[in-house]
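A.B. asks: Provided herewith is a single structure, encoded as structure tokens, for subsequent inquiry.
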Amino acid sequence: MITASEENYLKSVFKLSEKDKSVSTNDLAQSLGTTPASVSDMVKKLSEKKLLAHQPYKGVKLTQAGKKIALDIVRKHRLWEVFLTQTLEMKWDSVHEIAEQLEHIQSQDLIRKLDAFLGYPRFDPHGDPIPDENGKIEERKTILLGEAKKGAVLLLAGVLTDNSDFLQYLDQQQVRIGSRLTVLEILPFDKSVSLSTGKKQITFSALVCQQLLMMEEV
């Protein structure tokens with residue numbers, strides 16, 4: 001049995017790691033809003049439980065056991081976000097913190113029934129893939145909107161931040177997951193992008209474009 005705090009550390013390592021690369025203690029501390037000293041203490045504890053592998057000066061990686069737990073937490077979090085938005089009709093900018101609490105529920109039977117009740121969703125309200133019961137994650141070919149070419153017609157597949165102000169801004173622009181966007185112009189001066197939603201023309205700054213994952217329309 002591990003604590004909610006330990007689960008949060010494993011989830012953060014999973015989210016920060018890319019292609020199983022090591023995660024530095026400083027990056028982990030920044031992600032969790034804590035001190036490097038606190039991270040070092042927790043890393044030692046999780047290493048003793050064989051959930052993290054720590055190499056001095058190289059950072060930490062999840063062990064197979066640690067990755068299994070992390071994927072389960074991510075799965076629960078994203079399923080709860082779907083439930084909160086789809087069933088309780090809450091807005092996508094308000095569900096993250098609630099799902100942070102619900103993800104620590106231990107009953108696997110409840111999560112299986114929740115998954116079935118929701119119709120086995122593959123993605124959460126922010127476009128993040130939901131691991132299945134075996135920890136498998138669906139892969140998609142996506143690009144950042146900032147990498148798109150003029151004339152491209154793309155679908156919004158996901159957002160890289162769940163910051164509520166950012167999500168509310170997208171709502172104001174009537175842009176959601178699945179929105180179809182056509183790149184009209186890329187301004188050389190600041191790399192902002194002029195887009196058509198089919199209903200209106202909007203312009204996103206380079207900063208916004210770096211937070212939007214796009215995919216080609218199938």
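All residue names refer to the structure tokens as shown: chains lettered A, B, ... in order, residues numbered from 1 in each chain, ligands numbered from 1 in order.
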Compile the contact shell of Ser12 in chain A as a ChimeraX atom specification: residues with an atom at most 8 Å away, counting only C-alpha atoms, same-chain residues fewer than 5 positions apart removed.
C.D. replies: /A:28,31-32
A.B. asks: Could you save those same residues with N, CA and C atoms as a compact mmCIF listing (two decimals), in the first residue's frame?
C.D. replies:
```
# COMPACT_ATOMS: atom_id res chain seq x y z
N LEU A 28 11.41 17.58 -10.91
CA LEU A 28 10.36 16.95 -10.11
C LEU A 28 9.88 17.89 -9.01
N SER A 31 7.73 20.58 -10.57
CA SER A 31 6.43 20.04 -10.98
C SER A 31 5.49 19.88 -9.79
N LEU A 32 6.04 19.47 -8.66
CA LEU A 32 5.23 19.19 -7.48
C LEU A 32 5.10 20.39 -6.54
```
A.B. asks: Do a neighbour search on Val183 in chain A at 6 Å with only C-alpha atoms, toss out local chain neighbours closer than 4 positions, and write the hits as a list in words.
C.D. replies: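 Near Val183 in chain A, the qualifying residues are Lys150, Gly151, Ala152 and Leu195 of chain A.
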A.B. asks: So, with only C-alpha atoms as the atoms that count, which of A:Val23, A:Val74, A:Val43, A:Leu10 lies closest to Pro129 in chain A?
C.D. replies: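 For Pro129 in chain A, the nearest of the candidates is A:Val74.
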A.B. asks: Which residues are close to range 50-52 of chain A, i.e. within 6 Å by only C-alpha atoms, leaving aside same-chain residues fewer than 2 positions away? Reply as a list in words.
C.D. replies: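 What passes the distance filter is Leu46, Ser47, Glu48, Lys61, Leu62, Thr63, Ala65 and Gly66 of chain A.
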A.B. asks: Do a neighbour search on Glu103 in chain A at 8 Å with only C-alpha atoms, toss out local chain neighbours closer than 5 positions, and write the hits as a VMD selection string.
C.D. replies: chain A and resid 73 to 74 76 to 77 80
A.B. asks: Out of range 23-217 of chain A, which residues get helix (DSSP H, G or I) from DSSP, as an MDAnalysis selection string?
C.D. replies: chainID A and resid 25:32 36:48 64:87 96:102 108:117 145:147 164:172 206:209
A.B. asks: With C-alpha atoms retained, write the just-selected residues as a PDB file, in the first residue's frame.
C.D. replies:
```pdb
ATOM      1  CA  THR A  25      15.073  15.989  -8.944  1.00  0.00           C
ATOM      2  CA  ASN A  26      14.907  19.730  -9.676  1.00  0.00           C
ATOM      3  CA  ASP A  27      12.320  19.213 -12.430  1.00  0.00           C
ATOM      4  CA  LEU A  28      10.356  16.947 -10.111  1.00  0.00           C
ATOM      5  CA  ALA A  29      10.471  19.527  -7.317  1.00  0.00           C
ATOM      6  CA  GLN A  30       9.241  22.248  -9.675  1.00  0.00           C
ATOM      7  CA  SER A  31       6.431  20.039 -10.976  1.00  0.00           C
ATOM      8  CA  LEU A  32       5.228  19.189  -7.475  1.00  0.00           C
ATOM      9  CA  PRO A  36      14.664  19.414  -3.886  1.00  0.00           C
ATOM     10  CA  ALA A  37      15.394  18.201  -0.348  1.00  0.00           C
ATOM     11  CA  SER A  38      11.839  16.881   0.039  1.00  0.00           C
ATOM     12  CA  VAL A  39      12.088  15.237  -3.378  1.00  0.00           C
ATOM     13  CA  SER A  40      15.346  13.537  -2.402  1.00  0.00           C
ATOM     14  CA  ASP A  41      13.717  12.091   0.720  1.00  0.00           C
ATOM     15  CA  MET A  42      10.744  10.759  -1.247  1.00  0.00           C
ATOM     16  CA  VAL A  43      12.941   9.398  -4.038  1.00  0.00           C
ATOM     17  CA  LYS A  44      14.925   7.454  -1.444  1.00  0.00           C
ATOM     18  CA  LYS A  45      11.724   6.032   0.032  1.00  0.00           C
ATOM     19  CA  LEU A  46      10.293   5.048  -3.374  1.00  0.00           C
ATOM     20  CA  SER A  47      13.622   3.559  -4.417  1.00  0.00           C
ATOM     21  CA  GLU A  48      13.584   1.367  -1.317  1.00  0.00           C
ATOM     22  CA  GLN A  64       8.155  -1.564 -14.093  1.00  0.00           C
ATOM     23  CA  ALA A  65       6.244  -1.738 -10.811  1.00  0.00           C
ATOM     24  CA  GLY A  66       6.323   2.049 -10.468  1.00  0.00           C
ATOM     25  CA  LYS A  67       5.180   2.573 -14.041  1.00  0.00           C
ATOM     26  CA  LYS A  68       2.237   0.228 -13.531  1.00  0.00           C
ATOM     27  CA  ILE A  69       1.073   2.259 -10.543  1.00  0.00           C
ATOM     28  CA  ALA A  70       1.607   5.566 -12.364  1.00  0.00           C
ATOM     29  CA  LEU A  71      -0.417   4.411 -15.363  1.00  0.00           C
ATOM     30  CA  ASP A  72      -3.229   3.282 -13.073  1.00  0.00           C
ATOM     31  CA  ILE A  73      -3.332   6.716 -11.408  1.00  0.00           C
ATOM     32  CA  VAL A  74      -3.344   8.480 -14.771  1.00  0.00           C
ATOM     33  CA  ARG A  75      -6.124   6.159 -15.960  1.00  0.00           C
ATOM     34  CA  LYS A  76      -8.285   6.932 -12.925  1.00  0.00           C
ATOM     35  CA  HIS A  77      -7.653  10.668 -13.178  1.00  0.00           C
ATOM     36  CA  ARG A  78      -8.648  10.864 -16.829  1.00  0.00           C
ATOM     37  CA  LEU A  79     -11.701   8.655 -16.429  1.00  0.00           C
ATOM     38  CA  TRP A  80     -12.938  10.849 -13.595  1.00  0.00           C
ATOM     39  CA  GLU A  81     -12.441  13.933 -15.758  1.00  0.00           C
ATOM     40  CA  VAL A  82     -14.636  12.342 -18.434  1.00  0.00           C
ATOM     41  CA  PHE A  83     -17.271  11.519 -15.815  1.00  0.00           C
ATOM     42  CA  LEU A  84     -17.247  15.044 -14.394  1.00  0.00           C
ATOM     43  CA  THR A  85     -17.629  16.705 -17.800  1.00  0.00           C
ATOM     44  CA  GLN A  86     -19.803  14.135 -19.578  1.00  0.00           C
ATOM     45  CA  THR A  87     -22.122  13.031 -16.790  1.00  0.00           C
ATOM     46  CA  HIS A  96      -8.591  18.778 -12.923  1.00  0.00           C
ATOM     47  CA  GLU A  97      -8.359  19.533  -9.208  1.00  0.00           C
ATOM     48  CA  ILE A  98     -11.385  17.374  -8.395  1.00  0.00           C
ATOM     49  CA  ALA A  99      -9.936  14.484 -10.415  1.00  0.00           C
ATOM     50  CA  GLU A 100      -6.684  14.942  -8.455  1.00  0.00           C
ATOM     51  CA  GLN A 101      -8.624  13.918  -5.358  1.00  0.00           C
ATOM     52  CA  LEU A 102     -10.632  11.125  -6.967  1.00  0.00           C
ATOM     53  CA  GLN A 108     -10.402  -1.329  -9.144  1.00  0.00           C
ATOM     54  CA  ASP A 109     -13.930  -2.725  -9.411  1.00  0.00           C
ATOM     55  CA  LEU A 110     -15.315   0.824  -9.209  1.00  0.00           C
ATOM     56  CA  ILE A 111     -12.926   2.017 -11.928  1.00  0.00           C
ATOM     57  CA  ARG A 112     -13.866  -0.884 -14.224  1.00  0.00           C
ATOM     58  CA  LYS A 113     -17.549  -0.054 -13.767  1.00  0.00           C
ATOM     59  CA  LEU A 114     -16.853   3.647 -14.300  1.00  0.00           C
ATOM     60  CA  ASP A 115     -15.022   2.861 -17.540  1.00  0.00           C
ATOM     61  CA  ALA A 116     -17.926   0.708 -18.758  1.00  0.00           C
ATOM     62  CA  PHE A 117     -20.506   3.289 -17.685  1.00  0.00           C
ATOM     63  CA  LEU A 145      -0.058  24.228 -34.015  1.00  0.00           C
ATOM     64  CA  GLY A 146       3.118  26.316 -34.085  1.00  0.00           C
ATOM     65  CA  GLU A 147       4.651  23.717 -36.436  1.00  0.00           C
ATOM     66  CA  SER A 164      -8.039  27.157 -16.170  1.00  0.00           C
ATOM     67  CA  ASP A 165      -7.355  30.632 -17.586  1.00  0.00           C
ATOM     68  CA  PHE A 166      -6.000  29.072 -20.784  1.00  0.00           C
ATOM     69  CA  LEU A 167      -8.982  26.727 -21.166  1.00  0.00           C
ATOM     70  CA  GLN A 168     -11.406  29.585 -20.526  1.00  0.00           C
ATOM     71  CA  TYR A 169      -9.612  31.585 -23.223  1.00  0.00           C
ATOM     72  CA  LEU A 170     -10.143  28.741 -25.703  1.00  0.00           C
ATOM     73  CA  ASP A 171     -13.809  28.628 -24.704  1.00  0.00           C
ATOM     74  CA  GLN A 172     -14.082  32.343 -25.452  1.00  0.00           C
ATOM     75  CA  ALA A 206       3.014  31.811 -30.647  1.00  0.00           C
ATOM     76  CA  LEU A 207       2.651  30.991 -26.927  1.00  0.00           C
ATOM     77  CA  VAL A 208      -0.875  29.656 -27.420  1.00  0.00           C
ATOM     78  CA  CYS A 209       0.188  27.700 -30.528  1.00  0.00           C
TER      79      CYS A 209
END
```
A.B. asks: Just the number, please: distance in Å from CA of Arg122 in chain A to CA of Ala157 in chain A, one decimal.
C.D. replies: 12.1 Å
A.B. asks: So which residues touch Leu154 in chain A within 10 Å, counting only C-alpha atoms, skipping near sequence neighbours fewer than 5 positions away, as a ChimeraX atom specification?
C.D. replies: /A:142-143,145,148,178-183,213-218
A.B. asks: So how many Å separate CA of Lys149 in chain A and CA of Ile186 in chain A, to one decimal?
C.D. replies: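 Going from CA of Lys149 in chain A over to CA of Ile186 in chain A, I get 7.9 Å.
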A.B. asks: By how many Å are CA of Lys21 in chain A and CA of Thr35 in chain A apart?
C.D. replies: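 About the pair CA of Lys21 in chain A and CA of Thr35 in chain A: they are 21.6 Å apart.
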A.B. asks: Point out the residue among A:Ile202, A:Ile130, A:Leu184, A:Leu212 with the least atom-to-atom distance to Val159 in chain A, counting only C-alpha atoms.
C.D. replies: A:Leu212
A.B. asks: I'd like to know which of A:Asp190, A:Glu139, A:Ile2, A:Glu133 is closest to Lys49 in chain A, using only C-alpha atoms.
C.D. replies: A:Ile2
